[in-house]
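So this one's run-v5.tsv, TSV, N, CA and C atoms:
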```tsv
chain	number	residue	atom	x	y	z
A	227	MET	N	-32.05	61.27	11.12
A	227	MET	CA	-31.15	60.13	11.25
A	227	MET	C	-30.29	60.31	12.50
A	228	ILE	N	-30.11	59.24	13.25
A	228	ILE	CA	-29.31	59.29	14.47
A	228	ILE	C	-27.83	59.25	14.09
A	229	GLY	N	-27.04	60.06	14.73
A	229	GLY	CA	-25.63	60.13	14.41
A	229	GLY	C	-24.79	60.43	15.64
A	230	TYR	N	-23.53	60.67	15.39
A	230	TYR	CA	-22.56	60.90	16.46
A	230	TYR	C	-22.90	62.15	17.28
A	231	GLU	N	-23.41	63.18	16.63
A	231	GLU	CA	-23.70	64.44	17.31
A	231	GLU	C	-25.19	64.61	17.61
A	232	THR	N	-25.95	63.54	17.67
A	232	THR	CA	-27.39	63.62	17.91
A	232	THR	C	-27.70	64.18	19.29
A	233	PHE	N	-27.03	63.71	20.32
A	233	PHE	CA	-27.29	64.15	21.67
A	233	PHE	C	-26.11	64.97	22.18
A	234	ASP	N	-26.42	65.98	22.97
A	234	ASP	CA	-25.37	66.82	23.55
A	234	ASP	C	-25.13	66.38	24.99
A	235	ALA	N	-24.60	65.19	25.14
A	235	ALA	CA	-24.29	64.65	26.46
A	235	ALA	C	-22.90	64.03	26.41
A	236	TRP	N	-22.19	64.09	27.50
A	236	TRP	CA	-20.81	63.59	27.54
A	236	TRP	C	-20.74	62.10	27.24
A	237	TRP	N	-21.78	61.35	27.57
A	237	TRP	CA	-21.76	59.90	27.43
A	237	TRP	C	-22.16	59.43	26.04
A	238	TRP	N	-22.81	60.28	25.24
A	238	TRP	CA	-23.34	59.85	23.96
A	238	TRP	C	-22.26	59.33	22.99
A	239	PRO	N	-21.11	60.01	22.83
A	239	PRO	CA	-20.11	59.45	21.90
A	239	PRO	C	-19.69	58.02	22.27
A	240	TYR	N	-19.61	57.74	23.57
A	240	TYR	CA	-19.21	56.40	24.00
A	240	TYR	C	-20.29	55.37	23.67
A	241	VAL	N	-21.54	55.73	23.88
A	241	VAL	CA	-22.65	54.83	23.55
A	241	VAL	C	-22.72	54.61	22.05
A	242	PHE	N	-22.56	55.69	21.29
A	242	PHE	CA	-22.61	55.59	19.83
A	242	PHE	C	-21.51	54.67	19.29
A	243	ILE	N	-20.30	54.86	19.80
A	243	ILE	CA	-19.18	54.02	19.36
A	243	ILE	C	-19.41	52.57	19.75
A	244	ALA	N	-19.92	52.33	20.96
A	244	ALA	CA	-20.18	50.95	21.40
A	244	ALA	C	-21.23	50.28	20.53
A	245	ILE	N	-22.32	51.00	20.25
A	245	ILE	CA	-23.39	50.43	19.43
A	245	ILE	C	-22.90	50.20	18.00
A	246	ALA	N	-22.24	51.21	17.43
A	246	ALA	CA	-21.75	51.06	16.05
A	246	ALA	C	-20.73	49.94	15.96
A	247	GLY	N	-19.85	49.84	16.94
A	247	GLY	CA	-18.86	48.76	16.94
A	247	GLY	C	-19.49	47.40	17.09
A	248	TRP	N	-20.49	47.33	17.94
A	248	TRP	CA	-21.19	46.06	18.14
A	248	TRP	C	-21.90	45.63	16.88
A	249	LEU	N	-22.63	46.54	16.25
A	249	LEU	CA	-23.37	46.20	15.03
A	249	LEU	C	-22.43	45.78	13.90
A	250	ALA	N	-21.30	46.48	13.79
A	250	ALA	CA	-20.37	46.19	12.70
A	250	ALA	C	-19.70	44.83	12.86
A	251	THR	N	-19.45	44.41	14.09
A	251	THR	CA	-18.73	43.16	14.28
A	251	THR	C	-19.63	41.97	14.58
A	252	ASP	N	-20.74	42.21	15.24
A	252	ASP	CA	-21.59	41.10	15.66
A	252	ASP	C	-22.19	40.34	14.49
A	253	ILE	N	-22.52	41.03	13.43
A	253	ILE	CA	-23.06	40.36	12.23
A	253	ILE	C	-22.06	39.32	11.71
A	254	TRP	N	-20.79	39.72	11.64
A	254	TRP	CA	-19.77	38.81	11.12
A	254	TRP	C	-19.52	37.65	12.08
A	255	ARG	N	-19.64	37.90	13.35
A	255	ARG	CA	-19.47	36.81	14.33
A	255	ARG	C	-20.56	35.76	14.15
A	256	TRP	N	-21.80	36.22	14.02
A	256	TRP	CA	-22.91	35.28	13.83
A	256	TRP	C	-22.78	34.53	12.52
A	257	LEU	N	-22.39	35.23	11.45
A	257	LEU	CA	-22.17	34.54	10.18
A	257	LEU	C	-21.03	33.53	10.30
A	258	GLY	N	-20.00	33.89	11.04
A	258	GLY	CA	-18.90	32.96	11.26
A	258	GLY	C	-19.33	31.71	12.01
A	259	VAL	N	-20.20	31.89	12.99
A	259	VAL	CA	-20.72	30.74	13.74
A	259	VAL	C	-21.55	29.85	12.84
A	260	LEU	N	-22.43	30.47	12.06
A	260	LEU	CA	-23.29	29.69	11.17
A	260	LEU	C	-22.51	28.94	10.10
A	261	VAL	N	-21.56	29.63	9.47
A	261	VAL	CA	-20.79	29.00	8.40
A	261	VAL	C	-19.73	28.07	8.99
A	262	GLY	N	-19.11	28.49	10.10
A	262	GLY	CA	-18.04	27.71	10.70
A	262	GLY	C	-18.47	26.34	11.17
A	263	ASN	N	-19.71	26.21	11.61
A	263	ASN	CA	-20.20	24.91	12.07
A	263	ASN	C	-20.32	23.91	10.94
A	264	ARG	N	-20.41	24.41	9.74
A	264	ARG	CA	-20.56	23.52	8.58
A	264	ARG	C	-19.23	23.13	7.95
A	265	LEU	N	-18.13	23.76	8.39
A	265	LEU	CA	-16.82	23.49	7.81
A	265	LEU	C	-16.08	22.42	8.60
A	266	SER	N	-15.33	21.63	7.90
A	266	SER	CA	-14.47	20.65	8.55
A	266	SER	C	-13.26	21.39	9.15
A	267	GLN	N	-12.78	20.92	10.27
A	267	GLN	CA	-11.62	21.56	10.92
A	267	GLN	C	-10.37	21.55	10.04
A	268	ASP	N	-10.31	20.60	9.11
A	268	ASP	CA	-9.14	20.48	8.24
A	268	ASP	C	-9.38	21.06	6.86
A	269	SER	N	-10.48	21.77	6.64
A	269	SER	CA	-10.80	22.29	5.31
A	269	SER	C	-9.83	23.40	4.92
A	270	ALA	N	-9.67	23.57	3.62
A	270	ALA	CA	-8.79	24.61	3.10
A	270	ALA	C	-9.29	26.00	3.47
A	271	ALA	N	-10.61	26.18	3.47
A	271	ALA	CA	-11.18	27.49	3.81
A	271	ALA	C	-10.86	27.86	5.25
A	272	LEU	N	-11.02	26.94	6.17
A	272	LEU	CA	-10.75	27.23	7.58
A	272	LEU	C	-9.25	27.42	7.84
A	273	THR	N	-8.43	26.68	7.14
A	273	THR	CA	-6.98	26.86	7.25
A	273	THR	C	-6.59	28.25	6.78
A	274	TRP	N	-7.20	28.70	5.68
A	274	TRP	CA	-6.94	30.04	5.16
A	274	TRP	C	-7.39	31.11	6.15
A	275	VAL	N	-8.57	30.93	6.73
A	275	VAL	CA	-9.09	31.90	7.70
A	275	VAL	C	-8.15	31.99	8.90
A	276	ARG	N	-7.68	30.86	9.39
A	276	ARG	CA	-6.75	30.87	10.52
A	276	ARG	C	-5.45	31.59	10.16
A	277	ALA	N	-4.96	31.34	8.95
A	277	ALA	CA	-3.72	31.99	8.52
A	277	ALA	C	-3.89	33.50	8.42
A	278	VAL	N	-5.00	33.95	7.87
A	278	VAL	CA	-5.26	35.38	7.76
A	278	VAL	C	-5.42	36.01	9.15
A	279	ALA	N	-6.14	35.36	10.04
A	279	ALA	CA	-6.33	35.88	11.39
A	279	ALA	C	-5.00	35.97	12.13
A	280	THR	N	-4.16	34.96	11.98
A	280	THR	CA	-2.84	34.98	12.62
A	280	THR	C	-1.97	36.09	12.07
A	281	ALA	N	-2.00	36.27	10.74
A	281	ALA	CA	-1.22	37.33	10.11
A	281	ALA	C	-1.69	38.71	10.56
A	282	LEU	N	-3.00	38.90	10.66
A	282	LEU	CA	-3.53	40.19	11.12
A	282	LEU	C	-3.12	40.47	12.56
A	283	LEU	N	-3.20	39.47	13.41
A	283	LEU	CA	-2.80	39.64	14.80
A	283	LEU	C	-1.31	39.96	14.90
A	284	ALA	N	-0.49	39.27	14.13
A	284	ALA	CA	0.95	39.53	14.13
A	284	ALA	C	1.24	40.95	13.64
A	285	ALA	N	0.51	41.42	12.64
A	285	ALA	CA	0.71	42.77	12.12
A	285	ALA	C	0.33	43.83	13.16
A	286	VAL	N	-0.76	43.61	13.87
A	286	VAL	CA	-1.18	44.56	14.91
A	286	VAL	C	-0.15	44.61	16.03
A	287	ILE	N	0.34	43.45	16.45
A	287	ILE	CA	1.35	43.41	17.51
A	287	ILE	C	2.63	44.11	17.05
A	288	ALA	N	3.06	43.83	15.82
A	288	ALA	CA	4.27	44.48	15.31
A	288	ALA	C	4.10	45.99	15.24
A	289	LYS	N	2.93	46.44	14.81
A	289	LYS	CA	2.67	47.88	14.74
A	289	LYS	C	2.71	48.50	16.14
A	290	LEU	N	2.12	47.83	17.12
A	290	LEU	CA	2.15	48.35	18.48
A	290	LEU	C	3.57	48.43	19.04
A	291	ILE	N	4.41	47.49	18.66
A	291	ILE	CA	5.78	47.47	19.17
A	291	ILE	C	6.66	48.47	18.44
A	292	LEU	N	6.57	48.50	17.11
A	292	LEU	CA	7.48	49.32	16.32
A	292	LEU	C	6.99	50.75	16.08
A	293	TYR	N	5.69	50.94	16.00
A	293	TYR	CA	5.12	52.27	15.75
A	293	TYR	C	4.00	52.55	16.74
A	294	PRO	N	4.33	52.66	18.02
A	294	PRO	CA	3.28	52.84	19.04
A	294	PRO	C	2.72	54.25	19.03
A	295	SER	N	1.59	54.39	19.70
A	295	SER	CA	1.01	55.71	19.90
A	295	SER	C	0.85	55.92	21.40
A	296	GLY	N	0.57	57.13	21.80
A	296	GLY	CA	0.37	57.42	23.21
A	296	GLY	C	1.66	57.31	24.02
A	297	GLU	N	1.52	56.90	25.25
A	297	GLU	CA	2.66	56.84	26.17
A	297	GLU	C	3.70	55.79	25.78
A	298	LEU	N	3.28	54.79	25.04
A	298	LEU	CA	4.24	53.76	24.63
A	298	LEU	C	5.32	54.32	23.71
A	299	LYS	N	5.06	55.47	23.08
A	299	LYS	CA	6.07	56.13	22.24
A	299	LYS	C	7.30	56.52	23.06
A	300	ASN	N	7.09	56.80	24.34
A	300	ASN	CA	8.19	57.24	25.20
A	300	ASN	C	9.07	56.10	25.68
A	301	VAL	N	8.67	54.87	25.44
A	301	VAL	CA	9.45	53.70	25.84
A	301	VAL	C	10.40	53.36	24.69
A	302	PRO	N	11.69	53.22	24.98
A	302	PRO	CA	12.64	52.89	23.91
A	302	PRO	C	12.28	51.59	23.18
A	303	VAL	N	12.57	51.55	21.88
A	303	VAL	CA	12.25	50.38	21.06
A	303	VAL	C	12.93	49.13	21.62
A	304	ALA	N	14.17	49.26	22.05
A	304	ALA	CA	14.90	48.10	22.58
A	304	ALA	C	14.17	47.51	23.79
A	305	LEU	N	13.68	48.38	24.66
A	305	LEU	CA	12.96	47.90	25.85
A	305	LEU	C	11.65	47.22	25.44
A	306	ARG	N	10.95	47.76	24.46
A	306	ARG	CA	9.71	47.13	23.99
A	306	ARG	C	10.00	45.76	23.40
A	307	LEU	N	11.08	45.65	22.62
A	307	LEU	CA	11.44	44.36	22.00
A	307	LEU	C	11.87	43.34	23.05
A	308	ILE	N	12.63	43.78	24.04
A	308	ILE	CA	13.04	42.87	25.12
A	308	ILE	C	11.81	42.40	25.89
A	309	ALA	N	10.90	43.30	26.20
A	309	ALA	CA	9.71	42.95	26.97
A	309	ALA	C	8.84	41.95	26.21
A	310	VAL	N	8.63	42.17	24.92
A	310	VAL	CA	7.77	41.25	24.17
A	310	VAL	C	8.45	39.89	24.00
A	311	THR	N	9.76	39.89	23.81
A	311	THR	CA	10.49	38.63	23.67
A	311	THR	C	10.45	37.83	24.98
A	312	ALA	N	10.72	38.50	26.08
A	312	ALA	CA	10.69	37.82	27.38
A	312	ALA	C	9.26	37.38	27.73
A	313	GLY	N	8.28	38.21	27.41
A	313	GLY	CA	6.89	37.85	27.66
A	313	GLY	C	6.48	36.62	26.87
A	314	PHE	N	6.90	36.56	25.61
A	314	PHE	CA	6.57	35.39	24.79
A	314	PHE	C	7.28	34.14	25.32
A	315	ALA	N	8.54	34.30	25.70
A	315	ALA	CA	9.28	33.16	26.26
A	315	ALA	C	8.61	32.67	27.55
A	316	ALA	N	8.19	33.60	28.39
A	316	ALA	CA	7.51	33.22	29.64
A	316	ALA	C	6.18	32.53	29.33
A	317	PHE	N	5.49	33.01	28.33
A	317	PHE	CA	4.23	32.38	27.90
A	317	PHE	C	4.47	30.93	27.50
A	318	MET	N	5.50	30.69	26.69
A	318	MET	CA	5.79	29.33	26.23
A	318	MET	C	6.28	28.44	27.37
A	319	ILE	N	7.18	28.96	28.18
A	319	ILE	CA	7.72	28.17	29.29
A	319	ILE	C	6.66	27.92	30.35
A	320	GLY	N	5.77	28.88	30.55
A	320	GLY	CA	4.74	28.78	31.57
A	320	GLY	C	3.52	27.97	31.15
A	321	GLY	N	3.66	27.13	30.16
A	321	GLY	CA	2.55	26.26	29.75
A	321	GLY	C	1.50	26.97	28.92
A	322	LYS	N	1.90	27.99	28.17
A	322	LYS	CA	1.01	28.76	27.30
A	322	LYS	C	-0.12	29.42	28.08
A	323	ARG	N	0.23	29.94	29.25
A	323	ARG	CA	-0.73	30.71	30.04
A	323	ARG	C	-0.52	32.19	29.71
A	324	ILE	N	-1.55	32.81	29.16
A	324	ILE	CA	-1.45	34.19	28.68
A	324	ILE	C	-1.06	35.15	29.79
A	325	TRP	N	-1.64	34.98	30.97
A	325	TRP	CA	-1.39	35.92	32.05
A	325	TRP	C	0.07	35.95	32.46
A	326	ILE	N	0.77	34.84	32.33
A	326	ILE	CA	2.20	34.81	32.68
A	326	ILE	C	2.99	35.70	31.72
A	327	GLY	N	2.72	35.57	30.44
A	327	GLY	CA	3.40	36.40	29.45
A	327	GLY	C	3.11	37.88	29.64
A	328	ILE	N	1.86	38.20	29.96
A	328	ILE	CA	1.49	39.60	30.15
A	328	ILE	C	2.18	40.18	31.37
A	329	VAL	N	2.18	39.43	32.47
A	329	VAL	CA	2.81	39.92	33.71
A	329	VAL	C	4.31	40.14	33.50
A	330	VAL	N	4.98	39.20	32.84
A	330	VAL	CA	6.42	39.34	32.61
A	330	VAL	C	6.70	40.55	31.71
A	331	ALA	N	5.97	40.68	30.61
A	331	ALA	CA	6.20	41.79	29.68
A	331	ALA	C	5.92	43.14	30.35
A	332	LEU	N	4.80	43.23	31.07
A	332	LEU	CA	4.49	44.49	31.76
A	332	LEU	C	5.51	44.80	32.85
A	333	GLY	N	5.92	43.77	33.58
A	333	GLY	CA	6.95	43.97	34.60
A	333	GLY	C	8.24	44.52	34.02
A	334	LEU	N	8.64	43.98	32.88
A	334	LEU	CA	9.86	44.48	32.23
A	334	LEU	C	9.68	45.89	31.70
A	335	LEU	N	8.52	46.18	31.13
A	335	LEU	CA	8.28	47.54	30.64
A	335	LEU	C	8.31	48.55	31.78
A	336	ILE	N	7.61	48.25	32.86
A	336	ILE	CA	7.56	49.18	33.99
A	336	ILE	C	8.92	49.26	34.67
A	337	GLY	N	9.54	48.11	34.91
A	337	GLY	CA	10.86	48.11	35.53
A	337	GLY	C	11.90	48.82	34.69
A	338	GLY	N	11.85	48.61	33.39
A	338	GLY	CA	12.78	49.29	32.50
A	338	GLY	C	12.59	50.79	32.50
A	339	GLN	N	11.34	51.22	32.54
A	339	GLN	CA	11.07	52.66	32.60
A	339	GLN	C	11.54	53.26	33.91
A	340	VAL	N	11.41	52.54	35.00
A	340	VAL	CA	11.89	53.03	36.31
A	340	VAL	C	13.40	53.16	36.28
A	341	LEU	N	14.08	52.19	35.68
A	341	LEU	CA	15.55	52.26	35.60
A	341	LEU	C	16.02	53.38	34.69
A	342	ILE	N	15.29	53.59	33.59
A	342	ILE	CA	15.67	54.63	32.63
A	342	ILE	C	15.39	56.03	33.18
A	343	ASP	N	14.21	56.22	33.75
A	343	ASP	CA	13.82	57.55	34.25
A	343	ASP	C	13.02	57.39	35.54
A	344	PRO	N	13.70	57.30	36.67
A	344	PRO	CA	12.99	57.11	37.95
A	344	PRO	C	12.04	58.25	38.28
A	345	ALA	N	12.25	59.43	37.73
A	345	ALA	CA	11.40	60.58	38.03
A	345	ALA	C	9.96	60.35	37.54
A	346	LEU	N	9.76	59.47	36.57
A	346	LEU	CA	8.41	59.19	36.06
A	346	LEU	C	7.51	58.64	37.13
A	347	PHE	N	8.07	57.87	38.03
A	347	PHE	CA	7.27	57.18	39.04
A	347	PHE	C	7.47	57.76	40.44
A	348	ALA	N	8.16	58.87	40.52
A	348	ALA	CA	8.43	59.48	41.83
A	348	ALA	C	7.20	60.16	42.42
A	349	GLY	N	6.24	60.48	41.58
A	349	GLY	CA	5.00	61.05	42.11
A	349	GLY	C	4.80	62.43	41.79
```

Could you show the structure in this file as structure tokens?
Amino acid sequence: MIGYETFDAWWWPYVFIAIAGWLATDIWRWLGVLVGNRLSQDSAALTWVRAVATALLAAVIAKLILYPSGELKNVPVALRLIAVTAGFAAFMIGGKRIWIGIVVALGLLIGGQVLIDPALFAG
């Protein structure tokens, strides 16, 4: 049976994860396309699916902001909250263009980190 440790090559774990991730999600995407085409846009089932998807996305974003991993742990919570709030405001004011919100939030995160600890970016 093929598994994670089948090949002793540096690239194999990445290929394995990509294939396993694709197989696990692609089936549901195709089923969603097949079933979704038969549902009315105003149906209770589709409204429920949208609500669950929105709740899951909100939970992931909240987890990333309040309980981050990696380098984001070193950014103060207040700065993360200010950046996400300003990014969302810029997104709404900028005509719901995602890139505007991302640029504003990242700019605040990077700028805030430079102000807090300039040695991080000194080289």

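Across the structure, CA of Thr311 (chain A) and CA of Ala331 (chain A) are spaced 8.0 Å apart.
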
Can I get the residues of region 266-309 of chain A within 8 Å of region 248-262 of chain A, each with the closest pair of atoms and their distance in Å to one decimal, using only N, CA and C atoms, sorted chain first then ascending number, as CSV?
```
residue,atom,partner,partner_atom,distance
A:Ser266,N,A:Gly262,C,6.5
A:Gln267,N,A:Gly262,C,7.9
A:Leu272,CA,A:Gly262,CA,7.9
```

Best match for closeness to Val310 (chain A) among A:Gly327, A:Ile245, A:Trp274, A:Trp236, counting only N, CA and C atoms = A:Gly327

key: Point-to-point distance from CA of Val303 (chain A) to CA of Ala288 (chain A), Å rounded to tenths   =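 Atom-to-atom, CA of Val303 (chain A) to CA of Ala288 (chain A), that is 11.5 Å.
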
request  = In Å, rounded to a single decimal, give me how far CA of Ile291 (chain A) is from CA of Arg306 (chain A).
outcome  =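 These atoms are spaced 6.2 Å apart.
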
request  = If you run DSSP over the backbone, which residues in region 239-332 of chain A end up helix (DSSP H, G or I)? Put them as a PyMOL selection string.
outcome  = chain A and resi 239-262+270-292+296-300+303-319+324-332

Pick from A:Ala235, A:Ile308, A:Leu265, A:Ala348 nearest to Leu334 (chain A), counting all atoms listed in the file =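 Answer, going by the shortest atom-to-atom distance: A:Ile308.
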
query = Which residue out of A:Ile336, A:Phe317, A:Phe242, A:Trp237 has the minimum interatomic distance to Pro302 (chain A) when only C-alpha atoms are used?
reply = A:Ile336

query = In terms of the shortest atom-to-atom distance over only N, CA and C atoms, which of A:Ser295, A:Pro239, A:Asn263, A:Phe314 is closest to Ile326 (chain A)?
reply = A:Phe314

message = Counting only N, CA and C atoms, find residues at most 8 Å from (9.2, 56.8, 29.2) (file frame) and give them as a list of chain:residue names.
response = A:Glu297, A:Leu298, A:Lys299, A:Asn300, A:Val301, A:Pro302, A:Gly338, A:Gln339, A:Val340, A:Ile342, A:Asp343, A:Leu346

Put a box with edges along x, y and z around all the listed atoms of region 270-283 of chain A, pad it by 8 Å on each side, then give me its centre and sizes in Å, one decimal, as AutoDock Vina command-line options.
```
--center_x -6.2 --center_y 32.0 --center_z 9.0 --size_x 26.0 --size_y 32.9 --size_z 27.8
```

ask   = Which one of A:Leu332, A:Trp238, A:Gly321, A:Ser269 sits closest to Ala309 (chain A) if you count only N, CA and C atoms?
value =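 When distances to Ala309 (chain A) are compared using only N, CA and C atoms, the smallest one comes from A:Leu332.
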